[in-house]
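Text of the file query.txt, holding compact mmCIF, C-alpha atoms:
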# COMPACT_ATOMS: atom_id res chain seq x y z
CA MET N 1 -21.03 65.08 2.36
CA GLU N 2 -17.34 64.33 2.22
CA LYS N 3 -15.87 61.15 3.67
CA PRO N 4 -13.24 62.00 6.31
CA ASN N 5 -9.78 60.49 6.48
CA ALA N 6 -9.73 57.39 8.63
CA ILE N 7 -7.24 54.84 9.84
CA ALA N 8 -8.12 51.59 11.60
CA ILE N 9 -6.27 50.43 14.68
CA VAL N 10 -6.45 46.63 14.65
CA GLY N 11 -4.96 43.83 16.72
CA ASN N 12 -5.73 40.89 18.93
CA SER N 13 -8.08 41.34 21.86
CA GLY N 14 -6.16 42.70 24.83
CA ALA N 15 -3.24 44.01 22.74
CA GLY N 16 -3.91 47.61 23.80
CA LYS N 17 -5.87 49.15 20.92
CA THR N 18 -8.09 51.28 23.16
CA THR N 19 -5.15 52.35 25.32
CA LEU N 20 -3.25 53.43 22.22
CA LEU N 21 -6.27 55.42 21.01
CA GLU N 22 -6.61 57.07 24.43
CA ARG N 23 -3.01 58.22 24.13
CA LEU N 24 -3.19 59.22 20.44
CA ILE N 25 -6.31 61.38 20.59
CA PRO N 26 -4.88 64.13 22.86
CA VAL N 27 -1.65 64.25 20.82
CA LEU N 28 -3.60 64.71 17.58
CA LYS N 29 -5.89 67.29 19.22
CA ARG N 30 -2.82 69.33 20.26
CA LYS N 31 -1.83 69.34 16.57
CA GLY N 32 -5.20 70.94 15.73
CA VAL N 33 -6.76 67.80 14.27
CA ARG N 34 -10.52 67.34 14.73
CA VAL N 35 -10.61 63.68 15.77
CA GLY N 36 -13.54 61.28 15.71
CA ALA N 37 -13.49 57.71 17.00
CA VAL N 38 -15.45 54.57 16.14
CA LYS N 39 -15.26 51.42 18.26
CA HIS N 40 -16.33 48.16 16.63
CA ASP N 41 -17.80 45.63 19.01
CA ALA N 42 -18.20 42.09 17.72
CA HIS N 43 -20.76 41.45 20.46
CA ARG N 44 -24.07 43.09 21.31
CA PHE N 45 -23.82 46.17 23.51
CA ASP N 46 -26.23 48.59 25.13
CA ILE N 47 -25.35 52.20 25.87
CA ASP N 48 -28.72 52.99 27.38
CA HIS N 49 -29.92 52.01 30.83
CA PRO N 50 -33.28 50.64 31.96
CA GLY N 51 -35.42 53.24 33.69
CA LYS N 52 -34.04 56.19 31.71
CA ASP N 53 -36.47 57.99 29.39
CA SER N 54 -34.28 57.30 26.35
CA HIS N 55 -34.26 53.57 27.12
CA ARG N 56 -38.02 53.60 27.55
CA LEU N 57 -38.44 55.14 24.09
CA THR N 58 -36.15 52.54 22.49
CA ALA N 59 -37.90 49.73 24.38
CA ALA N 60 -41.23 51.09 23.13
CA GLY N 61 -40.06 50.37 19.59
CA ALA N 62 -38.40 53.53 18.28
CA ASP N 63 -36.15 52.50 15.38
CA THR N 64 -33.96 55.55 16.02
CA MET N 65 -33.82 57.39 19.33
CA MET N 66 -31.71 60.49 19.89
CA ILE N 67 -31.02 62.30 23.12
CA THR N 68 -29.41 65.71 23.01
CA SER N 69 -28.35 68.53 25.30
CA ALA N 70 -26.48 71.81 24.86
CA SER N 71 -23.15 69.94 24.65
CA THR N 72 -23.81 66.29 23.81
CA LEU N 73 -25.76 64.13 21.40
CA ALA N 74 -26.26 60.37 21.48
CA MET N 75 -28.24 58.16 19.15
CA VAL N 76 -29.48 54.60 19.35
CA LYS N 77 -30.31 53.30 15.87
CA GLN N 78 -31.65 49.81 15.32
CA HIS N 79 -30.41 47.91 12.26
CA GLY N 80 -30.47 44.36 10.95
CA VAL N 81 -26.80 44.20 10.04
CA SER N 82 -23.84 46.35 10.97
CA PRO N 83 -23.40 49.10 8.38
CA PRO N 84 -20.08 49.24 6.52
CA ILE N 85 -17.55 51.55 8.14
CA GLU N 86 -17.38 53.66 4.98
CA GLU N 87 -21.10 54.44 5.30
CA LEU N 88 -20.74 55.36 8.99
CA LEU N 89 -17.80 57.65 8.27
CA GLU N 90 -19.59 59.50 5.50
CA ARG N 91 -22.87 59.83 7.38
CA TYR N 92 -21.68 60.74 10.88
CA PHE N 93 -18.10 62.03 10.69
CA SER N 94 -17.99 64.42 7.72
CA ASP N 95 -17.04 67.29 10.06
CA MET N 96 -13.89 65.50 11.30
CA ASP N 97 -10.37 65.78 9.91
CA LEU N 98 -9.53 62.25 11.00
CA VAL N 99 -11.44 59.28 12.38
CA LEU N 100 -9.59 56.66 14.39
CA VAL N 101 -11.42 53.37 13.99
CA GLU N 102 -10.85 50.58 16.49
CA GLY N 103 -11.42 47.27 14.75
CA PHE N 104 -13.04 46.76 11.35
CA ARG N 105 -10.01 44.67 10.36
CA GLY N 106 -11.82 43.43 7.24
CA SER N 107 -12.39 46.95 5.89
CA CYS N 108 -10.46 48.64 3.10
CA LEU N 109 -9.22 51.34 5.50
CA PRO N 110 -5.49 51.80 6.00
CA LYS N 111 -4.48 50.03 9.20
CA ILE N 112 -2.01 50.20 12.04
CA GLU N 113 -1.77 46.86 13.79
CA VAL N 114 -1.03 46.79 17.52
CA HIS N 115 1.36 43.97 18.39
CA ARG N 116 2.67 42.94 21.79
CA ARG N 117 5.60 40.62 22.37
CA GLU N 118 3.74 38.75 25.12
CA PHE N 119 1.06 37.55 22.68
CA ARG N 120 3.49 35.49 20.59
CA ARG N 121 0.94 35.42 17.78
CA ALA N 122 1.29 36.07 14.09
CA LEU N 123 0.22 39.47 12.88
CA ILE N 124 -3.40 39.68 11.75
CA CYS N 125 -2.54 41.72 8.63
CA ARG N 126 0.40 39.60 7.52
CA GLY N 127 0.88 35.89 6.98
CA GLU N 128 -2.23 34.18 5.64
CA ARG N 129 -4.18 37.41 5.22
CA ASN N 130 -1.42 39.77 3.97
CA ASP N 131 -3.68 42.83 4.05
CA PRO N 132 -2.45 45.41 1.51
CA GLY N 133 -4.00 48.13 3.71
CA LEU N 134 -1.46 47.61 6.49
CA ALA N 135 0.32 50.96 6.82
CA ALA N 136 2.40 50.24 9.93
CA VAL N 137 2.69 48.10 13.03
CA ALA N 138 2.88 49.59 16.53
CA SER N 139 4.91 47.11 18.57
CA ASP N 140 6.81 46.78 21.83
CA GLU N 141 9.49 44.71 20.08
CA PRO N 142 11.53 45.07 16.89
CA LEU N 143 10.01 43.28 13.89
CA ASP N 144 11.31 42.71 10.36
CA LEU N 145 8.40 43.80 8.16
CA ASP N 146 7.64 45.44 4.82
CA VAL N 147 5.91 48.36 6.63
CA PRO N 148 7.20 50.77 9.27
CA VAL N 149 7.37 49.43 12.83
CA LEU N 150 6.46 52.16 15.31
CA ALA N 151 7.22 52.19 19.02
CA LEU N 152 3.96 51.20 20.69
CA ASN N 153 4.69 53.37 23.73
CA ASP N 154 5.44 56.52 21.71
CA PRO N 155 2.07 58.07 20.81
CA ASP N 156 3.78 61.25 19.56
CA ALA N 157 5.71 59.27 16.93
CA ILE N 158 2.59 57.30 15.96
CA ALA N 159 0.55 60.52 15.61
CA LYS N 160 3.33 62.03 13.48
CA PHE N 161 3.26 58.92 11.26
CA ILE N 162 -0.55 59.10 10.87
CA VAL N 163 -0.48 62.79 9.92
CA SER N 164 2.37 62.18 7.48
CA PHE N 165 0.72 59.07 6.01
CA LEU N 166 -2.54 60.90 5.42
CA SER N 167 -0.97 64.28 4.59
CA GLN N 168 -1.94 64.15 0.91
CA SER N 169 -5.61 64.51 1.82
CA LEU N 170 -5.62 65.49 5.50
CA SER N 171 -6.50 69.15 5.82
CA LEU N 172 -5.95 70.28 9.37
CA ARG N 173 -8.62 72.78 10.38
CA ARG N 174 -7.31 75.19 12.97
CA PRO N 175 -9.66 76.93 15.38
CA SER N 176 -10.37 80.55 14.35

Represent the structure of the file as structure tokens.
Amino acid sequence: MEKPNAIAIVGNSGAGKTTLLERLIPVLKRKGVRVGAVKHDAHRFDIDHPGKDSHRLTAAGADTMMITSASTLAMVKQHGVSPPIEELLERYFSDMDLVLVEGFRGSCLPKIEVHRREFRRALICRGERNDPGLAAVASDEPLDLDVPVLALNDPDAIAKFIVSFLSQSLSLRRPS
């Protein structure tokens, strides 16, 4: 299996990471990029609902439970600690050209940090941390940084940056 290209979208809670991803995905899809997404949640979450057969199987003690149909697959896998993002990418996203990862700020993935003027906070990837993986900042205000500052409300420009940034290894698979 080959590890896909990935870039992490990081930022403070409420900065608009999910909104940016919602706007980026269709732009990248129009460019012919097969896009996967991973959302990191620092809290516990449950995607299954009591009363459903899949939930009953998980509640009965299944360590891994998968539900599938003609068009969709979902899996609930129990684990003691959250697997590293690199392992998840290699195991579950090898058929993608690009995976957009929301969160995982401590990973070695290249990152675009979402910054909003209203937060008035220091950047996560600069200052004390100075993350060498910071590739760009998507902001709604001009900033003087050592990486490109992209217009937060211009998903076309951000998608163009991502494709260019990853172009050395990003092979765009076009539908036949």

Go through range 38-126 of chain N and flag each residue having an atom no more than 9 Å from range 136-141 of chain N; for those, report the closest pair of atoms plus their distance in Å to one decimal, using all atoms listed in the file, ordered by chain and rising number, as a tab-separated table.
residue	atom	partner	partner_atom	distance
N:Pro110	CA	N:Ala136	CA	9.0
N:Lys111	CA	N:Ala136	CA	6.9
N:Ile112	CA	N:Ala136	CA	4.9
N:Glu113	CA	N:Val137	CA	4.7
N:Val114	CA	N:Ala138	CA	4.9
N:His115	CA	N:Ser139	CA	4.7
N:Arg116	CA	N:Asp140	CA	5.6
N:Arg117	CA	N:Glu141	CA	6.1
N:Leu123	CA	N:Val137	CA	9.0

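Picture a line from CA of Leu109 in chain N to CA of Ile85 in chain N; it runs 8.7 Å.
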
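Take CA of Phe93 in chain N and CA of Asp154 in chain N: the distance between them is 26.6 Å.
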
With a distance cut-off of 12 Å and all atoms listed in the file, select the neighbouring residues of Leu88 in chain N, excluding the residue or stretch itself and same-chain residues fewer than 4 positions from it, and output the selection as a ChimeraX atom specification.
/N:1-4,6,36-40,77,82-84,92-94,99,101,104

Name all residues at most 12 Å from His49 in chain N (count only C-alpha atoms; drop same-chain ones fewer than 5 positions away) and give them as an MDAnalysis selection string.
chainID N and resid 54:59 76

Residue nearest Phe165 in chain N - candidates N:Ala70, N:Val27, N:Ile7, N:Val35, atoms counted: all atoms listed in the file
N:Ile7

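Here CA of Glu90 in chain N is placed at a distance of 28.4 Å from CA of Ala15 in chain N.
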
Pick out the closest residue to Ala8 in chain N from this set: N:Ser167, N:Ser107, N:Thr64, N:Thr72. Count all atoms listed in the file.
N:Ser107

Using all atoms listed in the file, the shortest atom-to-atom distance to Cys125 in chain N among N:Ala151, N:Gly106, N:Pro142, N:Leu20 belongs to N:Gly106

For range 162-167 of chain N, I'd like the enclosing box, axis-aligned and padded by 3 Å on every side, reported as lines of an AutoDock Vina configuration file with centre and edge lengths in Å to one decimal.
center_x = -0.1
center_y = 61.7
center_z = 7.7
size_x = 10.9
size_y = 11.2
size_z = 12.3

Among the residues N:Arg120, N:His79, N:Cys108, N:Leu150, the one that comes closest to Pro132 in chain N [using all atoms listed in the file]
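Among N:Arg120, N:His79, N:Cys108, N:Leu150, it is N:Cys108 that comes nearest to Pro132 in chain N.
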
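Between Asp156 in chain N and the residues N:Gly80, N:Gly127, N:Pro26, N:Gly11, the shortest atom-to-atom distance, using all atoms listed in the file, involves N:Pro26.
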
Across N:Ala135, N:Asp95, N:Asp146, N:Ser69, the smallest distance to Ile158 in chain N, with all atoms listed in the file counted, is shown by N:Ala135

Using the structure block above, produce a file of range 69-117 of chain N that contains N, CA and C atoms, as a PDB file, in the first residue's frame.
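Output below, filename out.pdb:
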ATOM      1  N   SER N  69     -23.165  -1.148   2.188  1.00  0.00           N
ATOM      2  CA  SER N  69     -24.257  -1.220   1.223  1.00  0.00           C
ATOM      3  C   SER N  69     -23.634  -1.116  -0.163  1.00  0.00           C
ATOM      4  N   ALA N  70     -24.458  -0.998  -1.178  1.00  0.00           N
ATOM      5  CA  ALA N  70     -23.954  -0.893  -2.545  1.00  0.00           C
ATOM      6  C   ALA N  70     -23.115   0.372  -2.749  1.00  0.00           C
ATOM      7  N   SER N  71     -23.350   1.408  -1.944  1.00  0.00           N
ATOM      8  CA  SER N  71     -22.648   2.678  -2.183  1.00  0.00           C
ATOM      9  C   SER N  71     -21.855   3.219  -0.995  1.00  0.00           C
ATOM     10  N   THR N  72     -21.995   2.622   0.171  1.00  0.00           N
ATOM     11  CA  THR N  72     -21.384   3.200   1.364  1.00  0.00           C
ATOM     12  C   THR N  72     -20.838   2.108   2.275  1.00  0.00           C
ATOM     13  N   LEU N  73     -19.768   2.466   2.983  1.00  0.00           N
ATOM     14  CA  LEU N  73     -19.170   1.579   3.966  1.00  0.00           C
ATOM     15  C   LEU N  73     -18.833   2.415   5.197  1.00  0.00           C
ATOM     16  N   ALA N  74     -19.111   1.889   6.362  1.00  0.00           N
ATOM     17  CA  ALA N  74     -18.721   2.551   7.610  1.00  0.00           C
ATOM     18  C   ALA N  74     -18.183   1.498   8.558  1.00  0.00           C
ATOM     19  N   MET N  75     -17.203   1.901   9.356  1.00  0.00           N
ATOM     20  CA  MET N  75     -16.595   0.951  10.272  1.00  0.00           C
ATOM     21  C   MET N  75     -16.441   1.593  11.644  1.00  0.00           C
ATOM     22  N   VAL N  76     -16.730   0.815  12.662  1.00  0.00           N
ATOM     23  CA  VAL N  76     -16.469   1.213  14.037  1.00  0.00           C
ATOM     24  C   VAL N  76     -15.405   0.254  14.539  1.00  0.00           C
ATOM     25  N   LYS N  77     -14.246   0.787  14.899  1.00  0.00           N
ATOM     26  CA  LYS N  77     -13.121  -0.034  15.340  1.00  0.00           C
ATOM     27  C   LYS N  77     -12.696   0.453  16.716  1.00  0.00           C
ATOM     28  N   GLN N  78     -12.721  -0.440  17.678  1.00  0.00           N
ATOM     29  CA  GLN N  78     -12.315  -0.090  19.033  1.00  0.00           C
ATOM     30  C   GLN N  78     -10.789  -0.103  19.118  1.00  0.00           C
ATOM     31  N   HIS N  79     -10.218   0.849  19.837  1.00  0.00           N
ATOM     32  CA  HIS N  79      -8.780   0.837  20.077  1.00  0.00           C
ATOM     33  C   HIS N  79      -8.479   1.525  21.404  1.00  0.00           C
ATOM     34  N   GLY N  80      -7.335   1.166  21.969  1.00  0.00           N
ATOM     35  CA  GLY N  80      -6.936   1.717  23.268  1.00  0.00           C
ATOM     36  C   GLY N  80      -6.424   3.135  23.172  1.00  0.00           C
ATOM     37  N   VAL N  81      -5.685   3.422  22.103  1.00  0.00           N
ATOM     38  CA  VAL N  81      -5.161   4.769  21.879  1.00  0.00           C
ATOM     39  C   VAL N  81      -5.389   5.129  20.416  1.00  0.00           C
ATOM     40  N   SER N  82      -5.492   6.401  20.166  1.00  0.00           N
ATOM     41  CA  SER N  82      -5.715   6.858  18.793  1.00  0.00           C
ATOM     42  C   SER N  82      -4.505   6.521  17.929  1.00  0.00           C
ATOM     43  N   PRO N  83      -4.730   5.846  16.805  1.00  0.00           N
ATOM     44  CA  PRO N  83      -3.603   5.499  15.935  1.00  0.00           C
ATOM     45  C   PRO N  83      -2.977   6.755  15.326  1.00  0.00           C
ATOM     46  N   PRO N  84      -1.688   6.704  15.013  1.00  0.00           N
ATOM     47  CA  PRO N  84      -1.056   7.856  14.363  1.00  0.00           C
ATOM     48  C   PRO N  84      -1.702   8.101  12.995  1.00  0.00           C
ATOM     49  N   ILE N  85      -1.772   9.349  12.613  1.00  0.00           N
ATOM     50  CA  ILE N  85      -2.403   9.709  11.341  1.00  0.00           C
ATOM     51  C   ILE N  85      -1.720   9.001  10.176  1.00  0.00           C
ATOM     52  N   GLU N  86      -0.416   8.841  10.235  1.00  0.00           N
ATOM     53  CA  GLU N  86       0.303   8.178   9.149  1.00  0.00           C
ATOM     54  C   GLU N  86      -0.205   6.747   8.938  1.00  0.00           C
ATOM     55  N   GLU N  87      -0.487   6.054  10.026  1.00  0.00           N
ATOM     56  CA  GLU N  87      -1.020   4.688   9.939  1.00  0.00           C
ATOM     57  C   GLU N  87      -2.424   4.698   9.325  1.00  0.00           C
ATOM     58  N   LEU N  88      -3.259   5.626   9.738  1.00  0.00           N
ATOM     59  CA  LEU N  88      -4.617   5.721   9.194  1.00  0.00           C
ATOM     60  C   LEU N  88      -4.592   6.014   7.696  1.00  0.00           C
ATOM     61  N   LEU N  89      -3.714   6.930   7.292  1.00  0.00           N
ATOM     62  CA  LEU N  89      -3.617   7.279   5.873  1.00  0.00           C
ATOM     63  C   LEU N  89      -3.226   6.077   5.033  1.00  0.00           C
ATOM     64  N   GLU N  90      -2.209   5.362   5.493  1.00  0.00           N
ATOM     65  CA  GLU N  90      -1.712   4.218   4.724  1.00  0.00           C
ATOM     66  C   GLU N  90      -2.737   3.088   4.676  1.00  0.00           C
ATOM     67  N   ARG N  91      -3.412   2.856   5.769  1.00  0.00           N
ATOM     68  CA  ARG N  91      -4.344   1.732   5.850  1.00  0.00           C
ATOM     69  C   ARG N  91      -5.664   1.992   5.130  1.00  0.00           C
ATOM     70  N   TYR N  92      -6.201   3.216   5.230  1.00  0.00           N
ATOM     71  CA  TYR N  92      -7.562   3.447   4.761  1.00  0.00           C
ATOM     72  C   TYR N  92      -7.693   4.391   3.564  1.00  0.00           C
ATOM     73  N   PHE N  93      -6.626   5.074   3.175  1.00  0.00           N
ATOM     74  CA  PHE N  93      -6.752   6.088   2.135  1.00  0.00           C
ATOM     75  C   PHE N  93      -5.799   5.893   0.966  1.00  0.00           C
ATOM     76  N   SER N  94      -5.281   4.686   0.776  1.00  0.00           N
ATOM     77  CA  SER N  94      -4.294   4.460  -0.280  1.00  0.00           C
ATOM     78  C   SER N  94      -4.868   4.673  -1.674  1.00  0.00           C
ATOM     79  N   ASP N  95      -6.187   4.683  -1.820  1.00  0.00           N
ATOM     80  CA  ASP N  95      -6.791   4.908  -3.134  1.00  0.00           C
ATOM     81  C   ASP N  95      -7.106   6.383  -3.400  1.00  0.00           C
ATOM     82  N   MET N  96      -6.671   7.269  -2.527  1.00  0.00           N
ATOM     83  CA  MET N  96      -6.925   8.707  -2.682  1.00  0.00           C
ATOM     84  C   MET N  96      -5.688   9.412  -3.226  1.00  0.00           C
ATOM     85  N   ASP N  97      -5.911  10.471  -3.984  1.00  0.00           N
ATOM     86  CA  ASP N  97      -4.814  11.324  -4.432  1.00  0.00           C
ATOM     87  C   ASP N  97      -4.350  12.237  -3.300  1.00  0.00           C
ATOM     88  N   LEU N  98      -5.316  12.694  -2.510  1.00  0.00           N
ATOM     89  CA  LEU N  98      -5.049  13.678  -1.471  1.00  0.00           C
ATOM     90  C   LEU N  98      -6.000  13.443  -0.313  1.00  0.00           C
ATOM     91  N   VAL N  99      -5.472  13.545   0.906  1.00  0.00           N
ATOM     92  CA  VAL N  99      -6.322  13.476   2.093  1.00  0.00           C
ATOM     93  C   VAL N  99      -6.181  14.801   2.833  1.00  0.00           C
ATOM     94  N   LEU N 100      -7.317  15.437   3.072  1.00  0.00           N
ATOM     95  CA  LEU N 100      -7.358  16.649   3.877  1.00  0.00           C
ATOM     96  C   LEU N 100      -7.662  16.226   5.307  1.00  0.00           C
ATOM     97  N   VAL N 101      -6.769  16.564   6.204  1.00  0.00           N
ATOM     98  CA  VAL N 101      -6.856  16.132   7.591  1.00  0.00           C
ATOM     99  C   VAL N 101      -7.190  17.346   8.438  1.00  0.00           C
ATOM    100  N   GLU N 102      -8.285  17.274   9.174  1.00  0.00           N
ATOM    101  CA  GLU N 102      -8.633  18.372  10.072  1.00  0.00           C
ATOM    102  C   GLU N 102      -8.105  18.033  11.454  1.00  0.00           C
ATOM    103  N   GLY N 103      -7.155  18.835  11.908  1.00  0.00           N
ATOM    104  CA  GLY N 103      -6.547  18.592  13.211  1.00  0.00           C
ATOM    105  C   GLY N 103      -5.212  17.880  13.079  1.00  0.00           C
ATOM    106  N   PHE N 104      -4.876  17.066  14.051  1.00  0.00           N
ATOM    107  CA  PHE N 104      -3.589  16.373  14.118  1.00  0.00           C
ATOM    108  C   PHE N 104      -2.442  17.388  14.049  1.00  0.00           C
ATOM    109  N   ARG N 105      -2.578  18.469  14.788  1.00  0.00           N
ATOM    110  CA  ARG N 105      -1.572  19.544  14.753  1.00  0.00           C
ATOM    111  C   ARG N 105      -0.194  19.087  15.193  1.00  0.00           C
ATOM    112  N   GLY N 106      -0.100  18.009  15.951  1.00  0.00           N
ATOM    113  CA  GLY N 106       1.193  17.507  16.410  1.00  0.00           C
ATOM    114  C   GLY N 106       1.852  16.547  15.435  1.00  0.00           C
ATOM    115  N   SER N 107       1.199  16.277  14.304  1.00  0.00           N
ATOM    116  CA  SER N 107       1.754  15.323  13.339  1.00  0.00           C
ATOM    117  C   SER N 107       2.873  15.962  12.520  1.00  0.00           C
ATOM    118  N   CYS N 108       3.538  15.138  11.740  1.00  0.00           N
ATOM    119  CA  CYS N 108       4.588  15.615  10.846  1.00  0.00           C
ATOM    120  C   CYS N 108       4.036  16.015   9.473  1.00  0.00           C
ATOM    121  N   LEU N 109       2.727  16.021   9.314  1.00  0.00           N
ATOM    122  CA  LEU N 109       2.131  16.406   8.031  1.00  0.00           C
ATOM    123  C   LEU N 109       2.371  17.882   7.747  1.00  0.00           C
ATOM    124  N   PRO N 110       2.452  18.254   6.461  1.00  0.00           N
ATOM    125  CA  PRO N 110       2.458  19.679   6.149  1.00  0.00           C
ATOM    126  C   PRO N 110       1.116  20.267   6.586  1.00  0.00           C
ATOM    127  N   LYS N 111       1.136  21.529   6.982  1.00  0.00           N
ATOM    128  CA  LYS N 111      -0.062  22.133   7.561  1.00  0.00           C
ATOM    129  C   LYS N 111      -0.396  23.480   6.930  1.00  0.00           C
ATOM    130  N   ILE N 112      -1.703  23.733   6.870  1.00  0.00           N
ATOM    131  CA  ILE N 112      -2.221  25.071   6.592  1.00  0.00           C
ATOM    132  C   ILE N 112      -2.986  25.459   7.843  1.00  0.00           C
ATOM    133  N   GLU N 113      -2.585  26.560   8.448  1.00  0.00           N
ATOM    134  CA  GLU N 113      -3.267  27.008   9.660  1.00  0.00           C
ATOM    135  C   GLU N 113      -4.340  28.028   9.308  1.00  0.00           C
ATOM    136  N   VAL N 114      -5.539  27.824   9.848  1.00  0.00           N
ATOM    137  CA  VAL N 114      -6.651  28.749   9.666  1.00  0.00           C
ATOM    138  C   VAL N 114      -6.569  29.788  10.776  1.00  0.00           C
ATOM    139  N   HIS N 115      -6.550  31.049  10.369  1.00  0.00           N
ATOM    140  CA  HIS N 115      -6.432  32.151  11.335  1.00  0.00           C
ATOM    141  C   HIS N 115      -7.527  33.169  11.057  1.00  0.00           C
ATOM    142  N   ARG N 116      -8.194  33.611  12.103  1.00  0.00           N
ATOM    143  CA  ARG N 116      -9.206  34.663  11.970  1.00  0.00           C
ATOM    144  C   ARG N 116      -8.831  35.851  12.843  1.00  0.00           C
ATOM    145  N   ARG N 117      -8.974  37.017  12.272  1.00  0.00           N
ATOM    146  CA  ARG N 117      -8.669  38.273  12.957  1.00  0.00           C
ATOM    147  C   ARG N 117      -9.373  38.352  14.310  1.00  0.00           C
TER     148      ARG N 117
END
